[in-house]
>>> print(open('final12.cif').read())   # mmCIF, N, CA and C atoms
data_model
loop_
_atom_site.label_atom_id
_atom_site.label_comp_id
_atom_site.auth_asym_id
_atom_site.auth_seq_id
_atom_site.Cartn_x
_atom_site.Cartn_y
_atom_site.Cartn_z
N MET J 1 -8.00 7.09 -2.61
CA MET J 1 -8.71 7.87 -1.63
C MET J 1 -7.78 8.16 -0.46
N ASP J 2 -8.02 9.22 0.26
CA ASP J 2 -7.11 9.66 1.31
C ASP J 2 -7.49 9.15 2.69
N GLY J 3 -8.35 8.13 2.78
CA GLY J 3 -8.66 7.55 4.08
C GLY J 3 -9.93 8.11 4.70
N ARG J 4 -10.36 9.28 4.27
CA ARG J 4 -11.60 9.83 4.80
C ARG J 4 -12.77 9.25 4.03
N ARG J 5 -13.88 9.10 4.70
CA ARG J 5 -15.08 8.61 4.02
C ARG J 5 -15.71 9.75 3.26
N ARG J 6 -16.09 9.47 2.04
CA ARG J 6 -16.71 10.47 1.19
C ARG J 6 -18.20 10.31 1.19
N ASN J 7 -18.87 11.43 1.09
CA ASN J 7 -20.32 11.41 0.94
C ASN J 7 -20.61 10.87 -0.46
N PRO J 8 -21.40 9.80 -0.57
CA PRO J 8 -21.65 9.22 -1.90
C PRO J 8 -22.43 10.15 -2.82
N TYR J 9 -23.04 11.19 -2.27
CA TYR J 9 -23.82 12.12 -3.08
C TYR J 9 -23.06 13.40 -3.39
N GLN J 10 -21.83 13.48 -2.95
CA GLN J 10 -21.01 14.66 -3.20
C GLN J 10 -20.48 14.62 -4.63
N LEU J 11 -20.69 15.70 -5.38
CA LEU J 11 -20.22 15.76 -6.76
C LEU J 11 -18.82 16.36 -6.80
N THR J 12 -17.97 15.74 -7.61
CA THR J 12 -16.62 16.25 -7.84
C THR J 12 -16.43 16.41 -9.34
N ASP J 13 -15.25 16.86 -9.73
CA ASP J 13 -14.93 16.98 -11.16
C ASP J 13 -14.87 15.61 -11.83
N GLU J 14 -14.71 14.56 -11.03
CA GLU J 14 -14.60 13.20 -11.56
C GLU J 14 -15.93 12.46 -11.62
N THR J 15 -16.99 13.04 -11.06
CA THR J 15 -18.28 12.36 -10.99
C THR J 15 -18.92 12.31 -12.38
N PRO J 16 -19.19 11.10 -12.90
CA PRO J 16 -19.80 10.98 -14.22
C PRO J 16 -21.31 11.25 -14.14
N VAL J 17 -21.74 12.40 -14.64
CA VAL J 17 -23.15 12.77 -14.53
C VAL J 17 -23.81 13.16 -15.85
N TYR J 18 -23.05 13.52 -16.87
CA TYR J 18 -23.62 14.06 -18.10
C TYR J 18 -23.79 12.98 -19.16
N VAL J 19 -25.00 12.89 -19.71
CA VAL J 19 -25.23 11.99 -20.84
C VAL J 19 -24.58 12.61 -22.06
N ILE J 20 -24.46 11.85 -23.13
CA ILE J 20 -23.70 12.29 -24.30
C ILE J 20 -24.28 13.56 -24.93
N SER J 21 -25.60 13.70 -24.94
CA SER J 21 -26.18 14.89 -25.56
C SER J 21 -25.84 16.16 -24.79
N ILE J 22 -25.84 16.08 -23.47
CA ILE J 22 -25.49 17.25 -22.63
C ILE J 22 -23.99 17.51 -22.74
N ALA J 23 -23.18 16.45 -22.73
CA ALA J 23 -21.73 16.62 -22.87
C ALA J 23 -21.40 17.27 -24.20
N ALA J 24 -22.11 16.89 -25.25
CA ALA J 24 -21.89 17.49 -26.57
C ALA J 24 -22.23 18.98 -26.54
N GLN J 25 -23.32 19.34 -25.90
CA GLN J 25 -23.69 20.75 -25.80
C GLN J 25 -22.67 21.53 -24.99
N LEU J 26 -22.24 20.98 -23.86
CA LEU J 26 -21.29 21.68 -22.99
C LEU J 26 -19.92 21.84 -23.64
N SER J 27 -19.54 20.88 -24.46
CA SER J 27 -18.22 20.95 -25.10
C SER J 27 -18.26 21.65 -26.45
N GLY J 28 -19.44 21.83 -26.99
CA GLY J 28 -19.57 22.46 -28.30
C GLY J 28 -19.26 21.52 -29.45
N LEU J 29 -19.36 20.22 -29.22
CA LEU J 29 -19.07 19.22 -30.24
C LEU J 29 -20.33 18.42 -30.57
N HIS J 30 -20.28 17.73 -31.68
CA HIS J 30 -21.39 16.86 -32.08
C HIS J 30 -21.28 15.54 -31.32
N PRO J 31 -22.41 14.93 -30.94
CA PRO J 31 -22.34 13.64 -30.22
C PRO J 31 -21.54 12.57 -30.97
N GLN J 32 -21.60 12.59 -32.31
CA GLN J 32 -20.83 11.60 -33.07
C GLN J 32 -19.33 11.82 -32.89
N THR J 33 -18.92 13.07 -32.73
CA THR J 33 -17.51 13.38 -32.48
C THR J 33 -17.09 12.80 -31.13
N LEU J 34 -17.97 12.92 -30.13
CA LEU J 34 -17.67 12.36 -28.81
C LEU J 34 -17.53 10.84 -28.88
N ARG J 35 -18.38 10.19 -29.67
CA ARG J 35 -18.27 8.74 -29.85
C ARG J 35 -16.94 8.37 -30.51
N GLN J 36 -16.54 9.16 -31.52
CA GLN J 36 -15.28 8.90 -32.20
C GLN J 36 -14.10 9.08 -31.24
N TYR J 37 -14.12 10.14 -30.45
CA TYR J 37 -13.05 10.37 -29.47
C TYR J 37 -12.97 9.22 -28.48
N ASP J 38 -14.14 8.67 -28.11
CA ASP J 38 -14.17 7.54 -27.19
C ASP J 38 -13.55 6.31 -27.87
N ARG J 39 -13.91 6.05 -29.10
CA ARG J 39 -13.35 4.90 -29.84
C ARG J 39 -11.83 5.01 -29.98
N LEU J 40 -11.35 6.23 -30.19
CA LEU J 40 -9.90 6.45 -30.36
C LEU J 40 -9.15 6.48 -29.03
N GLY J 41 -9.89 6.53 -27.91
CA GLY J 41 -9.26 6.55 -26.59
C GLY J 41 -8.81 7.93 -26.16
N LEU J 42 -9.30 8.97 -26.82
CA LEU J 42 -8.94 10.34 -26.43
C LEU J 42 -9.64 10.75 -25.15
N VAL J 43 -10.94 10.56 -25.11
CA VAL J 43 -11.75 10.86 -23.94
C VAL J 43 -12.64 9.65 -23.71
N SER J 44 -12.40 8.95 -22.61
CA SER J 44 -13.13 7.72 -22.32
C SER J 44 -14.03 7.93 -21.11
N PRO J 45 -15.31 8.20 -21.35
CA PRO J 45 -16.22 8.42 -20.23
C PRO J 45 -16.55 7.11 -19.51
N ASP J 46 -17.09 7.25 -18.31
CA ASP J 46 -17.56 6.06 -17.59
C ASP J 46 -18.80 5.53 -18.30
N ARG J 47 -19.16 4.30 -17.96
CA ARG J 47 -20.33 3.66 -18.57
C ARG J 47 -21.32 3.26 -17.49
N THR J 48 -22.59 3.32 -17.84
CA THR J 48 -23.64 2.85 -16.93
C THR J 48 -23.77 1.35 -17.11
N ALA J 49 -24.63 0.74 -16.31
CA ALA J 49 -24.86 -0.70 -16.42
C ALA J 49 -25.39 -1.05 -17.81
N GLY J 50 -26.16 -0.16 -18.41
CA GLY J 50 -26.70 -0.39 -19.75
C GLY J 50 -25.74 0.05 -20.86
N ARG J 51 -24.46 0.35 -20.51
CA ARG J 51 -23.40 0.74 -21.44
C ARG J 51 -23.55 2.16 -21.97
N GLY J 52 -24.41 2.98 -21.38
CA GLY J 52 -24.53 4.38 -21.79
C GLY J 52 -23.34 5.18 -21.27
N ARG J 53 -22.92 6.15 -22.04
CA ARG J 53 -21.78 6.97 -21.64
C ARG J 53 -22.22 8.02 -20.63
N ARG J 54 -21.36 8.25 -19.62
CA ARG J 54 -21.59 9.31 -18.64
C ARG J 54 -20.29 10.10 -18.51
N TYR J 55 -20.38 11.38 -18.83
CA TYR J 55 -19.21 12.26 -18.83
C TYR J 55 -19.15 13.05 -17.52
N SER J 56 -17.93 13.28 -17.07
CA SER J 56 -17.71 14.11 -15.88
C SER J 56 -17.32 15.51 -16.33
N ALA J 57 -17.23 16.43 -15.38
CA ALA J 57 -16.79 17.80 -15.69
C ALA J 57 -15.36 17.76 -16.23
N ARG J 58 -14.53 16.87 -15.71
CA ARG J 58 -13.16 16.74 -16.21
C ARG J 58 -13.16 16.24 -17.66
N ASP J 59 -14.07 15.31 -17.98
CA ASP J 59 -14.18 14.84 -19.36
C ASP J 59 -14.57 15.98 -20.29
N ILE J 60 -15.50 16.82 -19.86
CA ILE J 60 -15.94 17.97 -20.68
C ILE J 60 -14.76 18.89 -20.94
N GLU J 61 -13.98 19.16 -19.91
CA GLU J 61 -12.80 20.02 -20.07
C GLU J 61 -11.80 19.39 -21.03
N LEU J 62 -11.63 18.08 -20.95
CA LEU J 62 -10.72 17.38 -21.85
C LEU J 62 -11.23 17.43 -23.29
N LEU J 63 -12.54 17.31 -23.48
CA LEU J 63 -13.12 17.44 -24.82
C LEU J 63 -12.82 18.81 -25.41
N ARG J 64 -12.96 19.83 -24.59
CA ARG J 64 -12.67 21.20 -25.05
C ARG J 64 -11.18 21.34 -25.41
N THR J 65 -10.33 20.73 -24.62
CA THR J 65 -8.89 20.79 -24.89
C THR J 65 -8.56 20.08 -26.20
N VAL J 66 -9.15 18.91 -26.41
CA VAL J 66 -8.93 18.17 -27.66
C VAL J 66 -9.37 19.02 -28.84
N GLN J 67 -10.53 19.62 -28.74
CA GLN J 67 -11.04 20.45 -29.82
C GLN J 67 -10.11 21.65 -30.08
N GLN J 68 -9.65 22.28 -29.02
CA GLN J 68 -8.77 23.44 -29.16
C GLN J 68 -7.44 23.04 -29.81
N LEU J 69 -6.87 21.91 -29.38
CA LEU J 69 -5.61 21.44 -29.97
C LEU J 69 -5.80 21.08 -31.44
N SER J 70 -6.93 20.50 -31.77
CA SER J 70 -7.20 20.09 -33.13
C SER J 70 -7.48 21.29 -34.04
N GLN J 71 -8.38 22.16 -33.60
CA GLN J 71 -8.81 23.28 -34.45
C GLN J 71 -7.81 24.42 -34.46
N ASP J 72 -7.37 24.86 -33.29
CA ASP J 72 -6.53 26.06 -33.20
C ASP J 72 -5.05 25.76 -33.45
N GLU J 73 -4.58 24.61 -32.98
CA GLU J 73 -3.16 24.29 -33.08
C GLU J 73 -2.85 23.41 -34.28
N GLY J 74 -3.87 22.81 -34.88
CA GLY J 74 -3.66 21.97 -36.06
C GLY J 74 -3.01 20.63 -35.77
N ILE J 75 -3.15 20.14 -34.56
CA ILE J 75 -2.55 18.86 -34.18
C ILE J 75 -3.52 17.74 -34.54
N ASN J 76 -3.02 16.67 -35.15
CA ASN J 76 -3.90 15.55 -35.50
C ASN J 76 -4.28 14.76 -34.25
N LEU J 77 -5.28 13.89 -34.41
CA LEU J 77 -5.82 13.17 -33.24
C LEU J 77 -4.79 12.23 -32.62
N ALA J 78 -3.92 11.63 -33.42
CA ALA J 78 -2.87 10.76 -32.86
C ALA J 78 -1.92 11.58 -32.00
N GLY J 79 -1.58 12.78 -32.47
CA GLY J 79 -0.71 13.66 -31.69
C GLY J 79 -1.38 14.11 -30.41
N ILE J 80 -2.67 14.40 -30.48
CA ILE J 80 -3.42 14.81 -29.30
C ILE J 80 -3.47 13.67 -28.28
N LYS J 81 -3.66 12.45 -28.78
CA LYS J 81 -3.69 11.30 -27.87
C LYS J 81 -2.35 11.16 -27.15
N ARG J 82 -1.26 11.36 -27.88
CA ARG J 82 0.07 11.26 -27.27
C ARG J 82 0.27 12.37 -26.24
N ILE J 83 -0.18 13.57 -26.55
CA ILE J 83 -0.08 14.69 -25.61
C ILE J 83 -0.82 14.36 -24.33
N ILE J 84 -2.04 13.84 -24.46
CA ILE J 84 -2.85 13.49 -23.28
C ILE J 84 -2.15 12.40 -22.46
N GLU J 85 -1.61 11.39 -23.15
CA GLU J 85 -0.89 10.32 -22.44
C GLU J 85 0.30 10.88 -21.67
N LEU J 86 1.05 11.76 -22.31
CA LEU J 86 2.22 12.34 -21.65
C LEU J 86 1.83 13.23 -20.48
N GLU J 87 0.76 13.99 -20.63
CA GLU J 87 0.29 14.83 -19.52
C GLU J 87 -0.16 13.97 -18.35
N ASN J 88 -0.83 12.86 -18.65
CA ASN J 88 -1.25 11.94 -17.58
C ASN J 88 -0.04 11.31 -16.89
N GLN J 89 0.97 10.98 -17.70
CA GLN J 89 2.19 10.41 -17.13
C GLN J 89 2.90 11.42 -16.24
N VAL J 90 2.98 12.66 -16.68
CA VAL J 90 3.60 13.71 -15.88
C VAL J 90 2.84 13.89 -14.56
N ALA J 91 1.51 13.90 -14.63
CA ALA J 91 0.70 14.06 -13.41
C ALA J 91 0.95 12.89 -12.45
N ALA J 92 1.03 11.68 -12.98
CA ALA J 92 1.29 10.51 -12.13
C ALA J 92 2.69 10.59 -11.50
N LEU J 93 3.66 11.03 -12.28
CA LEU J 93 5.02 11.17 -11.74
C LEU J 93 5.10 12.27 -10.70
N GLN J 94 4.39 13.37 -10.91
CA GLN J 94 4.36 14.44 -9.91
C GLN J 94 3.73 13.95 -8.62
N GLN J 95 2.68 13.14 -8.74
CA GLN J 95 2.05 12.57 -7.55
C GLN J 95 3.03 11.65 -6.82
N ARG J 96 3.77 10.85 -7.57
CA ARG J 96 4.74 9.93 -6.96
C ARG J 96 5.87 10.70 -6.28
N VAL J 97 6.33 11.78 -6.91
CA VAL J 97 7.37 12.62 -6.31
C VAL J 97 6.86 13.21 -5.00
N ALA J 98 5.61 13.66 -4.99
CA ALA J 98 5.04 14.21 -3.76
C ALA J 98 4.98 13.15 -2.66
N GLU J 99 4.59 11.93 -3.03
CA GLU J 99 4.54 10.84 -2.05
C GLU J 99 5.93 10.53 -1.51
N LEU J 100 6.91 10.44 -2.40
CA LEU J 100 8.27 10.13 -1.97
C LEU J 100 8.85 11.26 -1.13
N SER J 101 8.54 12.48 -1.49
CA SER J 101 9.01 13.63 -0.72
C SER J 101 8.44 13.60 0.69
N ALA J 102 7.15 13.27 0.80
CA ALA J 102 6.53 13.16 2.11
C ALA J 102 7.17 12.03 2.92
N ALA J 103 7.49 10.92 2.27
CA ALA J 103 8.14 9.80 2.95
C ALA J 103 9.53 10.20 3.44
N VAL J 104 10.28 10.91 2.62
CA VAL J 104 11.61 11.37 3.02
C VAL J 104 11.51 12.34 4.19
N ASP J 105 10.55 13.26 4.12
CA ASP J 105 10.36 14.20 5.23
C ASP J 105 10.02 13.45 6.52
N GLY J 106 9.16 12.44 6.42
CA GLY J 106 8.82 11.65 7.60
C GLY J 106 10.00 10.90 8.15
N ALA J 107 10.83 10.35 7.26
CA ALA J 107 12.02 9.63 7.70
C ALA J 107 13.02 10.58 8.36
N ALA J 108 13.13 11.79 7.84
CA ALA J 108 14.04 12.78 8.43
C ALA J 108 13.58 13.16 9.84
N VAL J 109 12.29 13.33 10.02
CA VAL J 109 11.75 13.66 11.35
C VAL J 109 12.03 12.51 12.30
N ALA J 110 11.78 11.28 11.85
CA ALA J 110 12.03 10.11 12.71
C ALA J 110 13.51 10.00 13.06
N MET J 111 14.38 10.29 12.10
CA MET J 111 15.81 10.23 12.36
C MET J 111 16.22 11.28 13.40
N ARG J 112 15.69 12.50 13.26
CA ARG J 112 16.03 13.55 14.24
C ARG J 112 15.51 13.19 15.63
N GLN J 113 14.33 12.58 15.70
CA GLN J 113 13.80 12.16 17.00
C GLN J 113 14.68 11.07 17.61
N ARG J 114 15.09 10.11 16.80
CA ARG J 114 15.95 9.03 17.30
C ARG J 114 17.30 9.58 17.72
N GLU J 115 17.83 10.53 16.98
CA GLU J 115 19.10 11.15 17.33
C GLU J 115 18.98 11.88 18.67
N ALA J 116 17.87 12.56 18.86
CA ALA J 116 17.65 13.25 20.14
C ALA J 116 17.55 12.25 21.29
N GLN J 117 16.94 11.09 21.05
CA GLN J 117 16.85 10.07 22.09
C GLN J 117 18.25 9.54 22.44
N VAL J 118 19.07 9.34 21.44
CA VAL J 118 20.43 8.84 21.68
C VAL J 118 21.21 9.87 22.48
N HIS J 119 21.13 11.14 22.10
CA HIS J 119 21.84 12.18 22.83
C HIS J 119 21.33 12.30 24.27
N ALA J 120 20.04 12.12 24.46
CA ALA J 120 19.48 12.20 25.81
C ALA J 120 19.93 11.04 26.68
N SER J 121 20.34 9.94 26.06
CA SER J 121 20.75 8.76 26.84
C SER J 121 22.22 8.80 27.26
N TYR J 122 22.97 9.80 26.85
CA TYR J 122 24.37 9.88 27.22
C TYR J 122 24.52 9.98 28.74
N ARG J 123 25.59 9.35 29.24
CA ARG J 123 25.89 9.47 30.67
C ARG J 123 26.46 10.86 30.90
N ARG J 124 26.01 11.49 31.95
CA ARG J 124 26.46 12.85 32.23
C ARG J 124 27.63 12.89 33.22
N ASP J 125 27.98 11.73 33.81
CA ASP J 125 29.06 11.72 34.77
C ASP J 125 30.43 11.50 34.12
N LEU J 126 30.46 11.33 32.83
CA LEU J 126 31.72 11.14 32.13
C LEU J 126 32.22 12.49 31.61
N VAL J 127 33.52 12.62 31.62
CA VAL J 127 34.13 13.84 31.10
C VAL J 127 34.34 13.64 29.61
N PRO J 128 33.92 14.57 28.81
CA PRO J 128 34.11 14.39 27.37
C PRO J 128 35.59 14.42 27.00
N TYR J 129 35.97 13.57 26.12
CA TYR J 129 37.34 13.47 25.66
C TYR J 129 37.61 14.58 24.66
N GLN J 130 38.74 15.23 24.84
CA GLN J 130 39.15 16.23 23.87
C GLN J 130 40.54 15.85 23.40
N ASP J 131 40.72 15.80 22.12
CA ASP J 131 42.00 15.43 21.54
C ASP J 131 42.97 16.59 21.73
N VAL J 132 44.12 16.29 22.28
CA VAL J 132 45.14 17.30 22.49
C VAL J 132 45.96 17.38 21.22
N GLN J 133 46.13 18.56 20.75
CA GLN J 133 46.89 18.75 19.53
C GLN J 133 48.38 18.71 19.84
N GLN J 134 49.13 17.97 19.09
CA GLN J 134 50.58 17.90 19.24
C GLN J 134 51.19 19.14 18.58
N THR J 135 52.12 19.76 19.29
CA THR J 135 52.82 20.90 18.70
C THR J 135 54.31 20.61 18.73
N GLY J 136 55.06 21.41 18.06
CA GLY J 136 56.50 21.24 18.03
C GLY J 136 57.20 22.00 19.14
N ALA J 137 56.46 22.55 20.08
CA ALA J 137 57.07 23.34 21.15
C ALA J 137 57.80 22.42 22.12
N LEU J 138 58.88 22.93 22.63
CA LEU J 138 59.68 22.20 23.59
C LEU J 138 59.44 22.79 24.97
N VAL J 139 59.11 21.93 25.90
CA VAL J 139 58.89 22.38 27.27
C VAL J 139 60.02 21.80 28.13
N VAL J 140 60.70 22.68 28.81
CA VAL J 140 61.80 22.23 29.68
C VAL J 140 61.29 22.25 31.10
N TRP J 141 61.54 21.15 31.78
CA TRP J 141 61.13 21.09 33.18
C TRP J 141 62.37 21.17 34.04
N ARG J 142 62.33 22.08 34.93
CA ARG J 142 63.44 22.20 35.87
C ARG J 142 62.87 22.04 37.27
N PRO J 143 63.41 21.10 37.98
CA PRO J 143 62.90 20.92 39.34
C PRO J 143 63.35 22.09 40.21
N LYS J 144 62.52 22.38 41.19
CA LYS J 144 62.88 23.45 42.14
C LYS J 144 64.03 22.94 42.98
N PRO J 145 64.95 23.85 43.32
CA PRO J 145 66.05 23.40 44.17
C PRO J 145 65.50 22.99 45.55
N LYS J 146 66.11 21.99 46.09
CA LYS J 146 65.68 21.52 47.40
C LYS J 146 66.20 22.45 48.46
N ARG J 147 65.39 22.70 49.43
CA ARG J 147 65.83 23.53 50.56
C ARG J 147 66.48 22.63 51.59
N PRO J 148 67.50 23.13 52.11
CA PRO J 148 68.14 22.31 53.15
C PRO J 148 67.21 22.26 54.38
N THR J 149 67.13 21.18 54.95
CA THR J 149 66.32 21.04 56.16
C THR J 149 67.11 21.53 57.35
N ASP J 150 66.50 22.23 58.13
CA ASP J 150 67.18 22.82 59.29
C ASP J 150 67.38 21.84 60.36
#
>>> encode(input="final12.cif", output="structure tokens")
Amino acid sequence: MDGRRRNPYQLTDETPVYVISIAAQLSGLHPQTLRQYDRLGLVSPDRTAGRGRRYSARDIELLRTVQQLSQDEGINLAGIKRIIELENQVAALQQRVAELSAAVDGAAVAMRQREAQVHASYRRDLVPYQDVQQTGALVVWRPKPKRPTD
């Protein structure tokens, strides 16, 4: 959660609300197929206290995806399970990259602020040192002739 309090009655794509018969209708599958997918770990809905399955909108979408991969693409259920695992892994890694990117951005801002503080603390009464470049030029010094004193 992102730190904000959520309304307990607010429905999201993750909210488990559909019983198996409604989930079967929404996904276009037979309830027994949904039970098999649950046993195989393809789509694992939440459970009520009485162990009844409750599907979310995301679960329904996943059921449709499994069906499409199986029927249209000809992928077996083991292959579909691996695809789902890899997609979940990619999503988790993308989330981690976003977190790390935000941390790096925060560290860069803090570094720039600290750098500005250091620069602001410099003494202004000192003359900055400039390195004089050595050249091969020869400078001849000739003293001015002395004037005779009257």
>>> select_by_dssp(input="final12.cif", residues="chain J", states="helix (DSSP H, G or I)", output="number ranges by chain")
J: 20-27, 31-40, 57-71, 77-120
>>> atom_distance(input="final12.cif", atom1="atom N of J:Val118", atom2="atom C of J:Asp105")
17.9 Å
>>> residues_around(input="final12.cif", residues="stretch 84-95 of chain J", least_positions_apart="3", cutoff="12 Å", atoms="only C-alpha atoms", output="ChimeraX atom specification")
/J:41-44,62-63,65-66,69,77-81,98-102
>>> atom_distance(input="final12.cif", atom1="atom CA of J:Arg39", atom2="atom CA of J:Asp13")
22.3 Å
>>> residues_near_point(input="final12.cif", point="(-16.6, 9.1, -10.8)", cutoff="8 Å", atoms="only C-alpha atoms", output="PDB file with N, CA and C atoms, keeping the file's coordinate frame")
ATOM      1  N   THR J  12     -17.970  15.740  -7.610  1.00  0.00           N
ATOM      2  CA  THR J  12     -16.620  16.250  -7.840  1.00  0.00           C
ATOM      3  C   THR J  12     -16.430  16.410  -9.340  1.00  0.00           C
ATOM      4  N   GLU J  14     -14.710  14.560 -11.030  1.00  0.00           N
ATOM      5  CA  GLU J  14     -14.600  13.200 -11.560  1.00  0.00           C
ATOM      6  C   GLU J  14     -15.930  12.460 -11.620  1.00  0.00           C
ATOM      7  N   THR J  15     -16.990  13.040 -11.060  1.00  0.00           N
ATOM      8  CA  THR J  15     -18.280  12.360 -10.990  1.00  0.00           C
ATOM      9  C   THR J  15     -18.920  12.310 -12.380  1.00  0.00           C
ATOM     10  N   PRO J  16     -19.190  11.100 -12.900  1.00  0.00           N
ATOM     11  CA  PRO J  16     -19.800  10.980 -14.220  1.00  0.00           C
ATOM     12  C   PRO J  16     -21.310  11.250 -14.140  1.00  0.00           C
ATOM     13  N   ASP J  46     -17.090   7.250 -18.310  1.00  0.00           N
ATOM     14  CA  ASP J  46     -17.560   6.060 -17.590  1.00  0.00           C
ATOM     15  C   ASP J  46     -18.800   5.530 -18.300  1.00  0.00           C
ATOM     16  N   SER J  56     -17.930  13.280 -17.070  1.00  0.00           N
ATOM     17  CA  SER J  56     -17.710  14.110 -15.880  1.00  0.00           C
ATOM     18  C   SER J  56     -17.320  15.510 -16.330  1.00  0.00           C
TER      19      SER J  56
END
>>> atom_distance(input="final12.cif", atom1="atom CA of J:Ile75", atom2="atom C of J:Thr33")
16.0 Å
>>> axis_aligned_box(input="final12.cif", around="stretch 36-40 of chain J", padding_each_side="3 Å", output="AutoDock Vina command-line options")
--center_x -12.8 --center_y 7.6 --center_z -29.7 --size_x 13.4 --size_y 11.5 --size_z 11.0
